[in-house]
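K.L.:
Next comes entry_11.txt, compact mmCIF, C-alpha atoms:
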# COMPACT_ATOMS: atom_id res chain seq x y z
CA MET K 5 15.59 39.15 14.94
CA ILE K 6 16.22 35.39 14.80
CA GLN K 7 13.49 34.84 17.40
CA GLU K 8 11.02 36.84 15.30
CA ILE K 9 11.87 34.84 12.15
CA LEU K 10 11.38 31.59 14.06
CA PHE K 11 8.06 32.75 15.48
CA TYR K 12 6.59 33.86 12.17
CA SER K 13 7.95 30.84 10.28
CA ILE K 14 5.73 28.76 12.57
CA LEU K 15 2.83 31.18 12.91
CA VAL K 16 2.10 31.70 9.21
CA PRO K 17 1.68 28.03 8.19
CA VAL K 18 -0.25 27.26 11.39
CA VAL K 19 -2.65 30.14 10.65
CA ILE K 20 -3.16 28.82 7.10
CA THR K 21 -3.81 25.23 8.18
CA THR K 22 -6.12 26.35 11.00
CA LEU K 23 -8.15 28.30 8.45
CA ILE K 24 -8.28 25.19 6.23
CA SER K 25 -9.58 23.18 9.20
CA ILE K 26 -12.29 25.75 9.87
CA TYR K 27 -13.14 25.92 6.16
CA ASN K 28 -13.60 22.15 6.13
CA LEU K 29 -15.82 22.35 9.20
CA PHE K 30 -18.32 24.43 7.24
CA THR K 31 -17.85 23.14 3.68
CA ALA K 32 -16.66 19.51 3.68
CA PRO K 33 -19.16 17.28 1.79
CA VAL K 34 -20.93 14.95 4.23
CA ILE K 35 -22.96 11.77 3.83
CA TYR K 36 -25.94 11.82 6.16
CA ASN K 37 -28.27 9.09 7.32
CA LYS K 38 -31.24 10.69 5.55
CA ASP K 39 -33.55 9.11 3.01
CA LYS K 40 -33.54 10.60 -0.49
CA PRO K 41 -35.82 10.09 -3.48
CA VAL K 42 -33.72 8.45 -6.19
CA GLU K 43 -34.22 6.05 -9.08
CA GLU K 44 -32.78 2.72 -7.99
CA GLU K 45 -30.13 1.67 -10.49
CA LEU K 46 -28.52 -1.68 -9.64
CA ILE K 47 -25.52 -1.02 -7.40
CA SER K 48 -22.92 -3.76 -6.97
CA VAL K 49 -21.51 -3.63 -3.45
CA LEU K 50 -18.08 -5.27 -3.60
CA ILE K 51 -16.28 -6.37 -0.43
CA PRO K 52 -12.75 -7.85 -0.39
CA ALA K 53 -12.44 -9.95 2.77
CA ARG K 54 -9.29 -11.62 4.07
CA ASN K 55 -9.60 -13.07 7.58
CA GLU K 56 -12.52 -10.79 8.42
CA GLU K 57 -14.68 -13.12 10.52
CA LYS K 58 -14.91 -10.48 13.27
CA ASN K 59 -16.11 -7.71 10.95
CA ILE K 60 -17.90 -9.11 7.91
CA GLY K 61 -21.11 -10.03 9.75
CA ASN K 62 -21.69 -6.47 10.95
CA CYS K 63 -20.91 -5.17 7.49
CA LEU K 64 -23.39 -7.51 5.78
CA SER K 65 -26.11 -6.83 8.36
CA SER K 66 -25.84 -3.12 7.69
CA LEU K 67 -26.03 -3.69 3.92
CA ILE K 68 -29.03 -6.01 4.06
CA ASN K 69 -30.93 -3.39 6.05
CA GLN K 70 -30.31 -0.52 3.63
CA SER K 71 -33.34 1.48 2.52
CA TYR K 72 -31.82 1.28 -0.98
CA LYS K 73 -32.89 -2.22 -2.03
CA ASN K 74 -31.59 -2.65 -5.60
CA LEU K 75 -28.24 -4.07 -4.53
CA GLU K 76 -26.12 -7.05 -5.24
CA ILE K 77 -23.67 -7.73 -2.44
CA ILE K 78 -20.60 -9.72 -3.43
CA VAL K 79 -17.97 -10.77 -0.91
CA LEU K 80 -14.66 -12.14 -2.13
CA ASN K 81 -13.14 -14.54 0.37
CA ASP K 82 -9.47 -13.78 -0.23
CA LEU K 83 -7.86 -17.08 0.84
CA SER K 84 -8.95 -16.57 4.44
CA THR K 85 -7.73 -18.97 7.09
CA ASP K 86 -10.50 -18.12 9.58
CA ASP K 87 -14.31 -18.46 9.39
CA THR K 88 -14.90 -15.58 6.97
CA GLU K 89 -16.54 -17.91 4.42
CA LYS K 90 -18.80 -19.48 7.04
CA VAL K 91 -19.99 -16.09 8.28
CA VAL K 92 -20.76 -14.87 4.76
CA LEU K 93 -22.71 -18.02 3.92
CA SER K 94 -24.85 -17.51 7.01
CA TYR K 95 -26.19 -14.33 5.31
CA ALA K 96 -26.82 -16.01 1.95
CA GLU K 97 -30.53 -16.49 2.72
CA ASP K 98 -30.77 -12.98 1.34
CA LYS K 99 -30.44 -13.72 -2.39
CA ARG K 100 -28.58 -10.47 -2.94
CA VAL K 101 -25.60 -11.78 -0.97
CA LYS K 102 -23.08 -13.80 -2.97
CA LEU K 103 -19.76 -15.36 -2.04
CA LEU K 104 -16.77 -15.62 -4.34
CA ASN K 105 -13.70 -17.60 -3.41
CA GLY K 106 -10.62 -15.71 -4.52
CA LEU K 107 -7.93 -17.04 -6.80
CA ASP K 108 -4.25 -17.22 -5.93
CA LEU K 109 -2.43 -13.90 -6.00
CA PRO K 110 -0.59 -13.39 -9.33
CA GLN K 111 2.86 -11.86 -9.50
CA ALA K 112 3.04 -8.05 -9.59
CA TRP K 113 -0.35 -7.71 -7.88
CA LEU K 114 -1.13 -6.58 -4.34
CA GLY K 115 -3.77 -8.58 -2.51
CA LYS K 116 -6.56 -6.03 -2.14
CA ASN K 117 -6.17 -4.80 -5.71
CA TRP K 118 -6.42 -8.37 -7.01
CA ALA K 119 -9.50 -9.00 -4.87
CA CYS K 120 -11.19 -5.82 -6.11
CA SER K 121 -10.39 -6.70 -9.72
CA GLN K 122 -12.01 -10.12 -9.34
CA LEU K 123 -15.04 -8.54 -7.71
CA SER K 124 -15.45 -5.99 -10.50
CA LYS K 125 -15.55 -8.74 -13.12
CA ALA K 126 -18.37 -10.50 -11.25
CA ALA K 127 -20.43 -7.31 -10.83
CA ARG K 128 -23.59 -6.73 -12.89
CA GLY K 129 -24.37 -3.20 -11.75
CA LYS K 130 -23.62 0.00 -13.66
CA ILE K 131 -22.48 1.47 -10.35
CA LEU K 132 -19.74 -0.22 -8.33
CA LEU K 133 -19.42 0.37 -4.60
CA PHE K 134 -16.19 -0.94 -3.09
CA ILE K 135 -16.25 -1.07 0.70
CA ASP K 136 -14.00 -2.66 3.29
CA ALA K 137 -15.25 -5.46 5.51
CA ASP K 138 -14.81 -3.33 8.65
CA VAL K 139 -17.23 -0.68 7.37
CA THR K 140 -20.82 -0.45 8.59
CA LEU K 141 -23.58 1.73 7.17
CA LYS K 142 -26.68 3.25 8.68
CA GLU K 143 -30.01 2.61 6.95
CA HIS K 144 -29.92 5.48 4.45
CA ALA K 145 -26.16 5.64 3.78
CA ILE K 146 -26.22 4.20 0.26
CA VAL K 147 -29.24 6.14 -0.95
CA ASN K 148 -27.73 9.35 0.40
CA ALA K 149 -24.35 8.66 -1.20
CA TYR K 150 -25.93 7.72 -4.53
CA SER K 151 -28.13 10.80 -4.46
CA LYS K 152 -25.04 12.98 -4.03
CA PHE K 153 -23.27 10.98 -6.76
CA LEU K 154 -26.09 11.79 -9.19
CA LYS K 155 -26.70 15.36 -8.07
CA ARG K 156 -23.04 16.35 -8.38
CA LYS K 157 -22.69 14.43 -11.68
CA VAL K 158 -19.47 12.78 -10.60
CA LYS K 159 -17.79 9.62 -11.85
CA MET K 160 -16.51 8.67 -8.40
CA LEU K 161 -17.59 9.38 -4.84
CA SER K 162 -15.26 8.42 -2.04
CA LEU K 163 -15.52 9.04 1.66
CA PHE K 164 -13.66 8.85 4.92
CA PRO K 165 -15.90 6.98 7.36
CA THR K 166 -16.49 8.15 10.89
CA GLN K 167 -14.01 6.05 12.83
CA LYS K 168 -15.07 3.96 15.81
CA ILE K 169 -12.21 4.33 18.27
CA LYS K 170 -12.56 1.76 21.04
CA SER K 171 -9.23 1.80 22.85
CA PHE K 172 -6.82 4.35 24.28
CA GLY K 173 -4.06 3.03 22.01
CA ASN K 174 -6.16 3.71 18.93
CA HIS K 175 -6.86 7.25 20.14
CA LEU K 176 -3.13 7.81 19.66
CA ILE K 177 -3.19 6.81 15.98
CA THR K 178 -6.59 6.65 14.26
CA PRO K 179 -7.39 10.40 14.50
CA LEU K 180 -4.19 11.23 12.62
CA MET K 181 -5.69 10.16 9.28
CA ASN K 182 -8.51 12.70 9.39
CA TRP K 183 -6.24 15.31 10.96
CA LEU K 184 -3.87 15.10 7.99
CA LEU K 185 -6.76 15.15 5.52
CA LEU K 186 -8.74 18.03 7.01
CA THR K 187 -5.82 20.19 8.14
CA PHE K 188 -3.98 20.35 4.84
CA LEU K 189 -6.64 19.82 2.16
CA PRO K 190 -9.76 21.93 1.54
CA LEU K 191 -11.93 18.87 0.90
CA LYS K 192 -14.52 20.71 -1.17
CA LYS K 193 -11.78 21.53 -3.71
CA VAL K 194 -11.47 17.85 -4.67
CA TYR K 195 -14.82 18.37 -6.39
CA SER K 196 -14.81 22.04 -7.32
CA SER K 197 -11.24 22.46 -8.62
CA LYS K 198 -9.61 20.98 -11.72
CA ASN K 199 -6.23 21.38 -10.06
CA LYS K 200 -4.72 17.89 -9.75
CA SER K 201 -3.16 18.82 -6.41
CA PHE K 202 -6.62 18.69 -4.84
CA VAL K 203 -7.11 14.95 -4.72
CA ALA K 204 -8.13 12.53 -1.98
CA ALA K 205 -9.80 9.14 -1.90
CA ASN K 206 -10.30 6.31 0.54
CA GLY K 207 -10.60 2.67 -0.48
CA GLN K 208 -12.84 2.00 2.53
CA PHE K 209 -15.74 3.43 0.47
CA ILE K 210 -15.53 4.13 -3.26
CA MET K 211 -18.61 4.48 -5.46
CA ILE K 212 -17.64 4.61 -9.13
CA ASP K 213 -19.34 4.47 -12.51
CA LYS K 214 -18.51 1.07 -14.00
CA ASN K 215 -17.89 2.37 -17.53
CA THR K 216 -15.45 4.94 -16.18
CA TYR K 217 -13.79 2.30 -14.01
CA THR K 218 -13.30 0.16 -17.12
CA GLU K 219 -12.04 3.17 -19.10
CA ILE K 220 -9.15 3.75 -16.68
CA GLY K 221 -8.27 0.05 -16.61
CA GLY K 222 -9.87 -0.76 -13.26
CA HIS K 223 -7.72 -2.12 -10.47
CA GLU K 224 -5.50 -3.81 -13.01
CA SER K 225 -4.08 -0.40 -13.87
CA VAL K 226 -3.02 0.08 -10.22
CA ARG K 227 -2.31 -3.57 -9.47
CA SER K 228 1.04 -2.92 -7.73
CA LYS K 229 0.09 0.34 -5.96
CA VAL K 230 -0.19 0.39 -2.17
CA VAL K 231 -2.43 3.48 -2.16
CA GLU K 232 -4.57 2.32 -5.08
CA ASP K 233 -7.46 4.58 -4.03
CA MET K 234 -5.37 7.72 -4.53
CA GLU K 235 -3.98 6.42 -7.82
CA ILE K 236 -7.50 5.81 -9.15
CA ALA K 237 -8.53 9.31 -8.09
CA ARG K 238 -5.49 10.83 -9.82
CA LYS K 239 -6.28 8.92 -13.02
CA LEU K 240 -9.83 10.26 -13.03
CA LYS K 241 -8.66 13.82 -12.38
CA SER K 242 -6.10 13.58 -15.17
CA LEU K 243 -8.95 12.70 -17.56
CA ASN K 244 -10.98 15.67 -16.25
CA HIS K 245 -13.61 13.42 -14.68
CA LYS K 246 -15.43 14.94 -11.72
CA ILE K 247 -14.87 13.26 -8.36
CA ILE K 248 -16.05 14.11 -4.86
CA THR K 249 -14.65 13.11 -1.49
CA CYS K 250 -16.81 13.26 1.63
CA VAL K 251 -16.75 12.51 5.32
CA GLY K 252 -18.97 9.77 6.71
CA GLY K 253 -21.08 11.89 9.04
CA ASP K 254 -23.72 9.89 10.90
CA ALA K 255 -24.08 7.38 8.05
CA VAL K 256 -20.84 5.47 7.40
CA PHE K 257 -18.59 4.07 10.13
CA CYS K 258 -15.41 2.04 10.30
CA ASN K 259 -13.69 0.04 13.02
CA MET K 260 -10.29 0.48 11.43
CA TYR K 261 -7.81 -0.98 13.92
CA ASN K 262 -8.24 -3.33 16.86
CA SER K 263 -5.04 -2.40 18.72
CA PHE K 264 -2.23 0.12 18.90
CA GLU K 265 0.05 -2.35 17.10
CA ASP K 266 -2.47 -2.78 14.26
CA GLY K 267 -2.69 0.99 13.97
CA VAL K 268 1.06 1.44 13.70
CA THR K 269 1.31 -1.32 11.09
CA GLY K 270 -1.66 -0.06 9.06
CA PHE K 271 -0.73 3.62 9.13
CA SER K 272 2.94 2.97 8.31
CA LYS K 273 1.87 0.85 5.30
CA ASN K 274 0.29 3.88 3.61
CA PHE K 275 1.90 6.96 5.14
CA TYR K 276 4.92 7.36 2.88
CA LYS K 277 3.25 6.05 -0.29
CA GLY K 278 0.26 8.34 0.21
CA PHE K 279 2.33 11.50 -0.25
CA ASN K 280 3.68 10.36 -3.63
CA VAL K 281 6.96 12.24 -3.17
CA SER K 282 10.65 11.39 -3.02
CA PRO K 283 12.12 10.04 0.25
CA PHE K 284 13.96 13.31 0.89
CA ILE K 285 10.83 15.43 0.53
CA PHE K 286 8.88 13.01 2.72
CA VAL K 287 11.52 13.28 5.47
CA PHE K 288 11.26 17.07 5.24
CA ILE K 289 7.45 16.89 5.44
CA PHE K 290 7.16 14.90 8.64
CA HIS K 291 9.95 16.88 10.30
CA PHE K 292 8.11 20.04 9.29
CA PHE K 293 4.93 18.67 10.91
CA LEU K 294 6.84 18.16 14.15
CA PHE K 295 8.31 21.65 13.89
CA LEU K 296 4.88 23.25 13.43
CA TYR K 297 2.68 21.19 15.73
CA PHE K 298 4.94 19.96 18.54
CA VAL K 299 7.74 22.48 19.00
CA PRO K 300 5.47 25.51 19.80
CA ALA K 301 4.22 23.78 22.97
CA LEU K 302 7.84 23.48 24.17
CA LEU K 303 8.74 27.02 23.15
CA SER K 304 5.71 28.40 25.00
CA LEU K 305 7.34 27.25 28.25
CA VAL K 306 10.16 29.78 27.74
CA ASN K 307 8.40 32.39 25.60
CA PHE K 308 4.73 33.03 26.34
CA THR K 309 4.15 34.49 22.87
CA TYR K 310 4.08 30.97 21.46
CA ILE K 311 0.90 30.27 23.42
CA TYR K 312 -0.99 32.04 20.63
CA ILE K 313 0.25 29.41 18.18
CA VAL K 314 -0.71 26.67 20.63
CA VAL K 315 -4.22 28.13 20.81
CA LEU K 316 -4.45 28.12 17.00
CA ILE K 317 -3.38 24.48 16.92
CA ILE K 318 -6.07 23.64 19.49
CA ILE K 319 -8.70 25.49 17.42
CA GLY K 320 -7.68 23.44 14.40
CA ARG K 321 -7.91 20.19 16.38
CA VAL K 322 -11.37 21.13 17.59
CA ALA K 323 -12.56 21.93 14.06
CA VAL K 324 -11.22 18.65 12.65
CA SER K 325 -12.69 16.68 15.56
CA ILE K 326 -16.14 18.13 14.96
CA THR K 327 -15.98 17.50 11.21
CA SER K 328 -14.80 13.93 11.86
CA ARG K 329 -17.22 13.31 14.76
CA GLN K 330 -14.33 12.42 17.03
CA ASN K 331 -13.77 13.04 20.73
CA ILE K 332 -12.63 16.66 21.00
CA LEU K 333 -11.10 16.44 24.48
CA MET K 334 -9.15 13.28 23.64
CA ASN K 335 -7.73 14.77 20.44
CA VAL K 336 -6.68 17.98 22.20
CA PHE K 337 -5.30 16.19 25.25
CA LEU K 338 -3.38 13.66 23.14
CA HIS K 339 -2.17 16.08 20.46
CA LEU K 340 1.49 16.08 21.52
CA PRO K 341 1.88 12.28 21.85
CA GLN K 342 0.01 11.89 18.54
CA MET K 343 2.57 14.14 16.85
CA LEU K 344 5.45 12.11 18.29
CA ILE K 345 3.82 8.86 17.17
CA MET K 346 3.25 10.29 13.69
CA TYR K 347 6.95 11.20 13.56
CA MET K 348 7.88 7.64 14.56
CA ILE K 349 5.48 6.17 12.01
CA GLY K 350 6.94 8.46 9.34
CA TRP K 351 10.37 6.92 9.80
CA LYS K 352 8.96 3.40 10.06
CA SER K 353 6.89 3.85 6.89
CA LEU K 354 9.83 5.20 4.89
CA LEU K 355 12.41 2.67 6.04
CA ASN K 356 10.09 -0.33 5.71
CA THR K 357 9.14 0.73 2.19
CA LEU K 358 12.73 1.31 1.09
CA ASN K 359 13.82 -2.02 2.62
CA GLY K 360 10.87 -3.97 1.24
CA ASN K 361 9.62 -4.87 4.72
CA VAL K 362 6.02 -3.71 4.41
CA GLU K 363 3.54 -6.45 5.32
CA TRP K 364 -0.25 -6.51 5.69
CA LYS K 365 -2.50 -9.44 6.53
CA GLY K 366 0.31 -11.92 6.16
CA ARG K 367 1.50 -10.72 2.74
CA LYS K 368 4.60 -8.79 1.78
CA ILE K 369 3.97 -5.45 0.08
CA LYS K 370 6.69 -4.00 -2.08
The structure in this file should be written as structure tokens.
P.N.:
Amino acid sequence: MIQEILFYSILVPVVITTLISIYNLFTAPVIYNKDKPVEEELISVLIPARNEEKNIGNCLSSLINQSYKNLEIIVLNDLSTDDTEKVVLSYAEDKRVKLLNGLDLPQAWLGKNWACSQLSKAARGKILLFIDADVTLKEHAIVNAYSKFLKRKVKMLSLFPTQKIKSFGNHLITPLMNWLLLTFLPLKKVYSSKNKSFVAANGQFIMIDKNTYTEIGGHESVRSKVVEDMEIARKLKSLNHKIITCVGGDAVFCNMYNSFEDGVTGFSKNFYKGFNVSPFIFVFIFHFFLFLYFVPALLSLVNFTYIYIVVLIIIGRVAVSITSRQNILMNVFLHLPQMLIMYMIGWKSLLNTLNGNVEWKGRKIK
């Protein structure tokens, strides 16, 4: 009897999340690298850049070569100590590219939020597009995103870029972000449902109507929030504004982390805050993840029945990998170590946040 209860307490939630993964495979909104006919409103592309000399050149090159031409491209050099400013200025022959030198960080602000706020005040466009410096876009990415923005009549379009994973260490961490997103959230529901539980956003790429951005108080209203992207999305949902969250498809890419250590630091910065729950509930959540997605593999060694759950988990990983355009074999092969690393990062994220030890790009984050 106890064995049956244990089996079904794992089977039922795994079945549900596997079905969500498959649902996302067929329904998740995608940005494609396809040209679209659209009236070219001025779009302000806004890029906060702190010590991004290795990334900002690729980002700017991809923006300059967009098929959508009515852009202003503003980079805020956020007190960089490397050659970020020099790299940006080398692209300033294109008159659309502008450099702003950021002001000192005020009290009660986080660095990226302050940078984005400064950028928004310099923008002339009615549409703001915030992107990170490590994002690159294929030729038709902006026109395709803006076409979807108009067609769906949304106030904000956000997306999760297709991640460029260049090292084995990053294969252990980077896929976890999309796995969490596409295993537990029917992404289409962010757009189609008014339920405030269906919310997701990613600050790596946020296209937002400027008037609406101003209405909610811009980044100033989330100045101290670590996961400011999610907070902005929640504000819009609470005002019954339509938002849509997509995956990057073959159009938008990101080189998120350069090493395993960067991945651990970056993921732990956001992991706890992203759930927006109490510490006790968060501890339960990441233990529950381990119970569902790691323990069945061990139990299958002594009870073959659990192999059916393992197969369901693999099906879910395959579905998420296809939706995310990630390496299927690597994600399946590394599933168990990824779960252990996620468990470790869960504790690290919680303890660092509670102890005030969160740091990113040389700045303390409270």
K.L.:
When you look at Arg128 (chain K) with a cut-off of 9 Å (counting all atoms listed in the file), what residues show up, excluding the ones that are within fewer than 3 positions of it in the same chain? I need them as a ChimeraX atom specification.
P.N.:
/K:46-48,76,124-125,131-132
K.L.:
For Ala32 (chain K), list every protein, DNA or RNA residue within 12 Å, evaluated using all atoms listed in the file, and leave out those in the same chain fewer than 2 positions away; present the list as a PyMOL selection string.
P.N.:
chain K and resi 24-30+34-35+163-164+185-187+189-196+248-253+323-324+326-328
K.L.:
Can you list, as a compact mmCIF listing (two decimals) with C-alpha atoms, in the frame of the given file, every protein, DNA or RNA residue that comes within 8 Å of Asn206 (chain K) when you count all atoms listed in the file, leaving out same-chain residues fewer than 2 positions away?
P.N.:
# COMPACT_ATOMS: atom_id res chain seq x y z
CA SER K 162 -15.26 8.42 -2.04
CA LEU K 163 -15.52 9.04 1.66
CA PHE K 164 -13.66 8.85 4.92
CA ALA K 204 -8.13 12.53 -1.98
CA GLN K 208 -12.84 2.00 2.53
CA PHE K 209 -15.74 3.43 0.47
CA ILE K 210 -15.53 4.13 -3.26
CA ASP K 233 -7.46 4.58 -4.03
CA MET K 234 -5.37 7.72 -4.53
K.L.:
Find the distance between CA of Trp351 (chain K) and CA of Gly207 (chain K) and write it in Å to one decimal.
P.N.:
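Going from CA of Trp351 (chain K) over to CA of Gly207 (chain K), I get 23.7 Å.
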K.L.:
Rank nothing, just name the residue among K:His144, K:Gly129, K:Leu180, K:Lys273 nearest to Asn361 (chain K), using all atoms listed in the file.
P.N.:
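Ranking K:His144, K:Gly129, K:Leu180, K:Lys273 by distance to Asn361 (chain K), first place goes to K:Lys273.
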